[in-house]
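Heads up: the structure comes next, in structure tokens.
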There are 2 protein chains.
Amino acid sequence: MAEDAIADGATEEAETCCAPPGDVDSDAIAIDLQVLTAMGNDTRYELLRRIANADDGVCVCDLEAAVGVSQSAVSQALSRLYTAGLVTRRKEGSWRYYEPTETTAALLETLDDLRGTHE
Amino acid sequence: MAEDAIADGATEEAETCCAPPGDVDSDAIAIDLQVLTAMGNDTRYELLRRIANADDGVCVCDLEAAVGVSQSAVSQALSRLYTAGLVTRRKEGSWRYYEPTETTAALLETLDDLRGTHE
DNA sequence: GAAATATATTAGTATCTGCTTGTATAAGCT
DNA sequence: AGCTTATACAAGCAGATACTAATATATTTC
């Protein structure tokens, strides 16, 4: 699709193909990557969606039943989401409840919007 | 942080800890995951940032100089970004120019916003 | 058409990841 | 205290991932 459109006069000089792009803030990249890699996994993303769907916090025991991996795997996944700042957790008796952070809410909403109105 | 707050009366029944969370649309998950895993890599994310920063499209040759991997690795990375719908590409002579899609613009903007106003 | 340049593709490989199993910690129950 | 349940942690390992190096395909230029 549009593999061979001719455009906008960048071919005037034969020497370079375009101006080199500006630098990117590497701290920001590191932060973003932690979020993206935490979300970018089947198990963790599904857990995150479920946590975000529930209004009042979800406990690990119910999450375990929902995804198809071991209790240990769920625990590790949630831990990673927590470290990345995607969920908060609170202890209540012997159970632990997870809730989404604003980061999660914002990103999931963006992804939902994008899926709706495909470009 | 807030590891042991007591809250909201979910401990009334001793049998279950909470209501099981609702299901998640698995097609949506697959689409989102393709985007997230494509972005969730140092090389690819840096390339994406550089592509998004430039207004008029960036060619591979300049991207190569910017990140510290081989030409082949850059090509593979860009190809993956393209497959995930994060960039468009057009050929112009022997050069190929990459530009961000709306998906990229929306997600990067969300990430920028989140970094600004930490929750 | 041959050489040079720009990008893509293939194959091989070292590292990373995400799981399982087993064990530890902590809280509730009797 | 001892038993059970809920969650976390640690070690090990199979499979995925992201490079490099080598080669292929276009495109331009001579």
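Just remember, in the structure tokens the first chain shown is A, the second B, etc., residues are 1-based per chain, and ligands are 1-based in the order shown.
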Go through chain B residue by residue and, counting only C-alpha atoms (C1' of nucleotides), keep those with an atom at most 8 Å from chain C; for each kept residue give the shortest atom pair and its distance in Å to one decimal, ordered by chain and increasing number, as a Markdown table.
| residue | atom | partner | partner_atom | distance |
| --- | --- | --- | --- | --- |
| B:Val60 | CA | C:DT7 | C1' | 8.0 |
| B:Cys61 | CA | C:DA6 | C1' | 7.7 |
| B:Ser72 | CA | C:DA8 | C1' | 8.0 |
| B:Ser75 | CA | C:DA8 | C1' | 7.0 |
| B:Ser94 | CA | C:DA6 | C1' | 5.7 |
| B:Trp95 | CA | C:DA6 | C1' | 6.1 |
| B:Arg96 | CA | C:DT7 | C1' | 7.8 |
Convert the current residue selection to file output with N, CA and C atoms, as a PDB file, in the first residue's frame.
ATOM      1  N   VAL B  60      15.643   5.247   6.454  1.00  0.00           N
ATOM      2  CA  VAL B  60      16.336   4.230   7.230  1.00  0.00           C
ATOM      3  C   VAL B  60      17.785   4.602   7.472  1.00  0.00           C
ATOM      4  N   CYS B  61      18.409   5.195   6.472  1.00  0.00           N
ATOM      5  CA  CYS B  61      19.843   5.474   6.597  1.00  0.00           C
ATOM      6  C   CYS B  61      20.138   6.356   7.800  1.00  0.00           C
ATOM      7  N   SER B  72      20.766  -4.375   9.402  1.00  0.00           N
ATOM      8  CA  SER B  72      19.806  -5.466   9.350  1.00  0.00           C
ATOM      9  C   SER B  72      18.820  -5.387  10.514  1.00  0.00           C
ATOM     10  N   SER B  75      16.331  -2.639   9.963  1.00  0.00           N
ATOM     11  CA  SER B  75      15.356  -3.048   8.961  1.00  0.00           C
ATOM     12  C   SER B  75      14.302  -3.978   9.570  1.00  0.00           C
ATOM     13  N   SER B  94      15.688   5.199  -4.180  1.00  0.00           N
ATOM     14  CA  SER B  94      16.211   4.026  -3.492  1.00  0.00           C
ATOM     15  C   SER B  94      16.043   4.132  -1.983  1.00  0.00           C
ATOM     16  N   TRP B  95      15.456   5.240  -1.544  1.00  0.00           N
ATOM     17  CA  TRP B  95      15.259   5.401  -0.107  1.00  0.00           C
ATOM     18  C   TRP B  95      13.843   5.071   0.306  1.00  0.00           C
ATOM     19  N   ARG B  96      13.713   4.759   1.549  1.00  0.00           N
ATOM     20  CA  ARG B  96      12.391   4.474   2.059  1.00  0.00           C
ATOM     21  C   ARG B  96      12.130   5.348   3.278  1.00  0.00           C
TER      22      ARG B  96
END
Once DSSP has gone over the backbone, tell me which residues of region 10-110 of chain B are in alpha helix (DSSP H), as a ChimeraX atom specification.
-> /B:26-39,42-53,60-66,71-83,102-110
For chain D, report every residue with an atom at most 10 Å from chain B (counting only C-alpha atoms (C1' of nucleotides)), formatted as a PyMOL selection string.
-> chain D and resi 18-21+26-28
Could the residues in this selection be written to a file with N, CA and C atoms (P, O5', C5', C4', C3', O3' and C1' of nucleotides), as a PDB file, in the first residue's frame?
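part.pdb, freshly written:
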ATOM      1  P    DA D  18      12.132  -8.737  20.752  1.00  0.00           P
ATOM      2  O5'  DA D  18      13.671  -8.618  20.384  1.00  0.00           O
ATOM      3  C5'  DA D  18      14.606  -8.498  21.436  1.00  0.00           C
ATOM      4  C4'  DA D  18      15.987  -8.429  20.837  1.00  0.00           C
ATOM      5  C3'  DA D  18      16.087  -7.515  19.622  1.00  0.00           C
ATOM      6  O3'  DA D  18      17.339  -6.857  19.657  1.00  0.00           O
ATOM      7  C1'  DA D  18      16.738  -9.666  19.024  1.00  0.00           C
ATOM      8  P    DC D  19      17.617  -5.577  18.738  1.00  0.00           P
ATOM      9  O5'  DC D  19      19.187  -5.538  18.703  1.00  0.00           O
ATOM     10  C5'  DC D  19      20.018  -5.946  17.685  1.00  0.00           C
ATOM     11  C4'  DC D  19      20.879  -7.135  18.077  1.00  0.00           C
ATOM     12  C3'  DC D  19      21.904  -7.388  17.004  1.00  0.00           C
ATOM     13  O3'  DC D  19      23.077  -6.688  17.334  1.00  0.00           O
ATOM     14  C1'  DC D  19      20.790  -9.404  17.573  1.00  0.00           C
ATOM     15  P    DT D  20      23.824  -5.945  16.138  1.00  0.00           P
ATOM     16  O5'  DT D  20      24.709  -7.127  15.528  1.00  0.00           O
ATOM     17  C5'  DT D  20      25.419  -7.980  16.415  1.00  0.00           C
ATOM     18  C4'  DT D  20      25.998  -9.152  15.628  1.00  0.00           C
ATOM     19  C3'  DT D  20      26.684  -8.720  14.332  1.00  0.00           C
ATOM     20  O3'  DT D  20      27.955  -9.348  14.242  1.00  0.00           O
ATOM     21  C1'  DT D  20      24.970 -10.327  13.876  1.00  0.00           C
ATOM     22  P    DA D  21      28.960  -8.856  13.098  1.00  0.00           P
ATOM     23  O5'  DA D  21      28.786  -9.978  11.973  1.00  0.00           O
ATOM     24  C5'  DA D  21      28.698 -11.348  12.361  1.00  0.00           C
ATOM     25  C4'  DA D  21      28.469 -12.192  11.136  1.00  0.00           C
ATOM     26  C3'  DA D  21      29.104 -11.665   9.849  1.00  0.00           C
ATOM     27  O3'  DA D  21      29.646 -12.762   9.125  1.00  0.00           O
ATOM     28  C1'  DA D  21      26.768 -11.867   9.545  1.00  0.00           C
ATOM     29  P    DA D  26      13.109  -7.712  -6.669  1.00  0.00           P
ATOM     30  O5'  DA D  26      13.194  -6.177  -7.006  1.00  0.00           O
ATOM     31  C5'  DA D  26      14.405  -5.521  -6.769  1.00  0.00           C
ATOM     32  C4'  DA D  26      14.132  -4.197  -6.096  1.00  0.00           C
ATOM     33  C3'  DA D  26      13.980  -3.094  -7.121  1.00  0.00           C
ATOM     34  O3'  DA D  26      13.253  -2.016  -6.564  1.00  0.00           O
ATOM     35  C1'  DA D  26      16.094  -2.941  -6.029  1.00  0.00           C
ATOM     36  P    DT D  27      12.603  -0.920  -7.574  1.00  0.00           P
ATOM     37  O5'  DT D  27      13.753   0.183  -7.720  1.00  0.00           O
ATOM     38  C5'  DT D  27      14.099   0.971  -6.596  1.00  0.00           C
ATOM     39  C4'  DT D  27      15.410   1.694  -6.857  1.00  0.00           C
ATOM     40  C3'  DT D  27      15.458   2.466  -8.179  1.00  0.00           C
ATOM     41  O3'  DT D  27      15.520   3.839  -7.864  1.00  0.00           O
ATOM     42  C1'  DT D  27      17.474   1.321  -7.724  1.00  0.00           C
ATOM     43  P    DT D  28      15.475   4.966  -8.957  1.00  0.00           P
ATOM     44  O5'  DT D  28      17.019   5.374  -9.078  1.00  0.00           O
ATOM     45  C5'  DT D  28      17.691   5.872  -7.919  1.00  0.00           C
ATOM     46  C4'  DT D  28      19.186   5.925  -8.179  1.00  0.00           C
ATOM     47  C3'  DT D  28      19.587   6.805  -9.381  1.00  0.00           C
ATOM     48  O3'  DT D  28      20.505   7.778  -8.917  1.00  0.00           O
ATOM     49  C1'  DT D  28      20.691   4.720  -9.439  1.00  0.00           C
TER      50       DT D  28
END
CA of Thr37 (chain B) to CA of Ala54 (chain B) measures 22.9 Å
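The list of residues with at least one atom within 12 Å of Gly116 (chain A), based on only C-alpha atoms (C1' of nucleotides) and without residues fewer than 2 positions apart in the same chain, reads Glu109, Thr110, Leu111, Asp112, Asp113, Leu114, His118 and Glu119 of chain A; Ala28, Ile31, Asp32 and Thr103 of chain B.
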Write out, as a short mmCIF file (atom, residue, chain, number, x, y, z; two decimals), in the first residue's frame, the residues just selected, with N, CA, C and O atoms.
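Once everything was written out, this is selection.cif:
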data_model
loop_
_atom_site.label_atom_id
_atom_site.label_comp_id
_atom_site.auth_asym_id
_atom_site.auth_seq_id
_atom_site.Cartn_x
_atom_site.Cartn_y
_atom_site.Cartn_z
N GLU A 109 -7.65 3.09 27.82
CA GLU A 109 -8.65 3.92 27.13
C GLU A 109 -8.13 4.31 25.75
O GLU A 109 -8.87 4.26 24.76
N THR A 110 -6.88 4.69 25.68
CA THR A 110 -6.29 5.03 24.38
C THR A 110 -6.36 3.85 23.43
O THR A 110 -6.76 3.98 22.27
N LEU A 111 -6.01 2.69 23.93
CA LEU A 111 -6.05 1.49 23.07
C LEU A 111 -7.47 1.18 22.62
O LEU A 111 -7.69 0.81 21.46
N ASP A 112 -8.42 1.35 23.50
CA ASP A 112 -9.82 1.12 23.13
C ASP A 112 -10.25 2.09 22.05
O ASP A 112 -10.89 1.71 21.06
N ASP A 113 -9.91 3.35 22.24
CA ASP A 113 -10.27 4.37 21.25
C ASP A 113 -9.67 4.03 19.89
O ASP A 113 -10.33 4.12 18.86
N LEU A 114 -8.42 3.61 19.89
CA LEU A 114 -7.75 3.31 18.63
C LEU A 114 -8.41 2.15 17.92
O LEU A 114 -8.56 2.16 16.71
N HIS A 118 -10.41 3.00 13.66
CA HIS A 118 -9.19 2.66 12.93
C HIS A 118 -8.82 3.76 11.97
O HIS A 118 -9.68 4.29 11.29
N GLU A 119 -7.54 4.02 11.92
CA GLU A 119 -7.08 5.10 11.02
C GLU A 119 -7.12 4.66 9.59
O GLU A 119 -6.93 3.51 9.28
N ALA B 28 -9.71 -8.17 20.84
CA ALA B 28 -9.14 -6.88 21.21
C ALA B 28 -7.78 -7.07 21.87
O ALA B 28 -6.82 -6.35 21.57
N ILE B 31 -5.08 -7.74 19.26
CA ILE B 31 -4.69 -6.54 18.54
C ILE B 31 -3.81 -5.65 19.41
O ILE B 31 -2.74 -5.20 19.00
N ASP B 32 -4.25 -5.41 20.63
CA ASP B 32 -3.49 -4.57 21.54
C ASP B 32 -2.10 -5.14 21.80
O ASP B 32 -1.11 -4.41 21.84
N THR B 103 -2.12 5.71 15.46
CA THR B 103 -1.93 4.84 16.62
C THR B 103 -0.70 5.27 17.41
O THR B 103 -0.74 5.46 18.63
#
